[in-house]
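Visitor: Supplied in structure tokens, the structure appears directly below.
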Amino acid sequence: MGGITIQSKSLQLLQRITAAANEAETPDDALQFALDEVCRFMDWPIGHVYLPDPQEGGKLASAGLWHLENARAAANFCLVSEATRFAPGVGLPGRVYQSGKSAWIVDVGQDPNFPRAKLSKNLGVRAGFAFPVLAGMETVGVLEFFSPEAVEPDENTLALMSDVGTQLGRAIERDRAEKELRERERYIHAILDNLVDGVIAIDGRGRIDSVNPAAERIFGYTQEEMVGESLTLLMPTPHSDHWAGRMEEYMDLGRMRFHEAGAREVAARRRDGSEFPMELTVSEFRSGERNLFIGVVRDLTDRKEHERELHQAQRLEAVGQLTGGIAHDFNNVLTALLGNLQIMEGMLSDRPEVLERLGVALEAGRRAAETTKRLMTFARRQPMKPESFDVNEFLPETLKLVRRTLSENIEIEVVYAANKAPVKLDKSQLENAVINLAVNARDAMENGGRLHIETGLETVDGGSSGDLPPGDYVCIAFSDTGAGMAEDVKDKVFEPFFTTKDVGKGTGLGLSMVYGFAGQSGGGVRMESEIGKGTTVELLLPVVRAMEAPEQAISSKALPRGTEHILVVEDDAEVRSFAKQVLETLGYEVSEADTAIEALKLIDQGLNIDLLFSDVIMPGGMSGRVLAEKIQHKCPNAKILLSTGYAEELNATDRSVLSGMELLGKPYEQIGLAVAVRRTLDGK
């Protein structure tokens, strides 16, 4: 053939293989086409493809692609070739793989680096050549060809085959890029599908282009229902009108940005029409000929609720601290007031007209003491007298009192837990809490209704019930069919003195006392209420595993007396004077001190006492608890009775230090002081 004819055939071969490489669905299709075309062009009967095998450390392995004019005759050669792995530099494929250049063997039987030489000789294979498939500078495959005749190298053919290898490499390179793109798309879709936040793509006309599953969950629409719709579908009025106007400005005026930078809070609308707060972040990018906007949305409903609960808890804590401090000071005043009124009552037994007025004053003082007690309970500073009991056994007697407080048009339903509901807490305060919740339900049902009371056991995990620590709780639920409460009312119902009742019909301390009692007992209160659908209040109290025998109540009509020596330590002069006078009247020998330091001086000077009666918090840098500990070391036989206006004075101390010590809450009266002193001295 003439040179022009060979050039023309070479050009046609390259064009056909280039077209096939660009149009083939897979690289294997392009490689197979090239094998067949090259074998026909060279008039050589055998063509084969090797590809690097990652599982074989990058060695070349047969791709299973062959051109065979006589498949039966070449069967053994094919089996050996497919079973052989070629390291770089080994054999004809290995040489090409290592060098990245074409190679030609005139006679494979005479080549020392051709492992298949013996088999090739038996098959009548002599000449061979191979060229690399190049993707950039990387050899990604090798094509080898064999002839039954010895053939001298043809530089033009080798140059042509280098161009063929480059075109095939582009097909493999394109396939790699497409696979990487598909893999990246799968990766991105996996991320989008598992995001908690919603992702919404919006086109330049303000239409929804795509959404992820989280957006479906947040808004309640399926992807099919959202795609193609205006973004205003997800916006409440008037926000949708405002956004539509901004979108028109963007399209008409060609503004580059119609959205604000950074995350911001907006109002959104679900499929059911309900509105909710949402955090929105928007980014803009160009895809081909169109602009797209990606909105990342986060439902803030739970966060807002948690913030509201935290704010309410912080507000209640602040109110509690203020309330507790004020009530503590009042307790000292009331102790002196009630005590001195009682002393005067004993001194004026022959003046009935004065006794009557004293009785009125005492009753008023006791009502004031009850108010401070409720305030202390709200502030979690009321001294507790915990005892073990079963709520299911406790409630029936308390509910008898409840029934007497409710009108006849209110029906009571009670359902008790099938299992025991053991707790350890102040029984009298639980009784007050139950009565307060029942009375509150009664007042919410002016025209009658149903009060459903139910006990049960509940396990709380790490975040299911607000600030409650994980554990098992007894739940006492009070559900009424009353008017219900609005959100702004629910946020304030546990604050002291807050009430929606008419003047004179409530103090506003009932629910605050319940709230404080539950918290001080290690539990909490949950409330659900809706206008027109009633209210449910749940009192959660920690379960105690080991039930203890209840203490026997102490009662005495006559004040118990004694002759022991008592040291009274109290910084309030009026309270100290009252305590000293009562104890001396009962026959005790009394010494007094206004600070812990002064008390220790008396002990160091040789004062021998049987009982220390001390306030907990006093000036001078030493508390009554520390004083008690020091006196126990100096006077091992002395008994300890501490007095406190609120329990928080002891909460931060090591309770083990208080073993053997009694506690008397303020305000106290003569009978309380007399009984506490005698019980402490007798070790009961």
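Naming works like this for the structure tokens: A, B, ... for the chains as they're shown, residue 1 at the start of each chain, ligands 1 onward in shown order.
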Fewer than 6 positions away in the same chain doesn't count, so skip those; otherwise give me all residues within 10 Å of region 432-443 of chain A, counting only C-alpha atoms, as a PyMOL selection string.

Guide: chain A and resi 374+395+398-399+401-403+405-407+409-410+412+449-453+476-484+501+505-506+509-518+534-539

Visitor: Extract, using only C-alpha atoms, all DNA, RNA and protein residues at most 10 Å from Leu607 (chain A), discarding same-chain residues fewer than 5 positions from it, and format them as a ChimeraX atom specification.

Guide: /A:565,567,591,599-602,635

Visitor: Let me see the file: selected residues, N, CA and C atoms, as a compact mmCIF listing (two decimals), in the first residue's frame.

Guide:
```txt
# COMPACT_ATOMS: atom_id res chain seq x y z
N HIS A 565 -28.89 21.69 132.58
CA HIS A 565 -28.28 22.99 132.26
C HIS A 565 -28.25 23.14 130.73
N LEU A 567 -27.41 25.72 127.36
CA LEU A 567 -26.76 26.92 126.84
C LEU A 567 -27.54 27.37 125.61
N SER A 591 -27.89 29.23 130.56
CA SER A 591 -26.86 30.22 130.26
C SER A 591 -27.11 30.70 128.84
N ALA A 599 -20.08 31.66 123.08
CA ALA A 599 -20.48 30.38 123.66
C ALA A 599 -19.26 29.51 123.95
N LEU A 600 -18.29 29.48 123.03
CA LEU A 600 -17.09 28.67 123.24
C LEU A 600 -16.25 29.21 124.40
N LYS A 601 -16.25 30.52 124.54
CA LYS A 601 -15.52 31.10 125.68
C LYS A 601 -16.10 30.60 126.99
N LEU A 602 -17.45 30.53 127.07
CA LEU A 602 -18.09 30.05 128.30
C LEU A 602 -17.70 28.60 128.58
N CYS A 635 -17.47 18.70 125.07
CA CYS A 635 -18.45 18.14 126.03
C CYS A 635 -19.14 16.96 125.36
```

Visitor: Just the residues within 12 Å of Asp682 (chain A), please, counting only C-alpha atoms, with nothing from its chain fewer than 6 positions along; format it as a PyMOL selection string.

Guide: chain A and resi 560-562+564+610-611+638-641+660+662+675-676

Visitor: Excluding Asp175 (chain A) and any residue of its chain fewer than 4 positions from it, enumerate the residues within 8 Å of it, using only C-alpha atoms, and give them as a PyMOL selection string.

Guide: chain A and resi 26-27+171+179

Visitor: Just to confirm, what's the straight-line distance from CA of Asp615 (chain A) to CA of Met347 (chain A) in Å (one decimal)?

Guide: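 The value is 27.4 Å.
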
Visitor: What lies within 7 Å of Gly471 (chain A) using only C-alpha atoms, ignoring chain neighbours under 5 positions off, as a list of chain:residue names?

Guide: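 What passes the distance filter is A:Thr459, A:Val460, A:Asp461.
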
Visitor: Could you write those residues out with C-alpha atoms, as a compact mmCIF listing (two decimals), in the first residue's frame?

Guide:
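For reference, out35.txt as written:
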```txt
# COMPACT_ATOMS: atom_id res chain seq x y z
CA THR A 459 -39.09 6.32 85.09
CA VAL A 460 -37.45 9.57 84.01
CA ASP A 461 -34.50 9.50 81.63
```

Visitor: Would you kindly return, as a PyMOL selection string, each protein, DNA or RNA residue with an atom no farther than 7 Å from any atom of Leu540 (chain A), considering only C-alpha atoms and excluding same-chain residues fewer than 5 positions away?

Guide: chain A and resi 473-476+523-525

Visitor: Restricting the calculation to only C-alpha atoms: of A:Asp299, A:Glu138, A:Asp426, A:Glu265, which residue gets closest to Glu216 (chain A)?

Guide: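 So, comparing all the options, the nearest one is A:Asp299.
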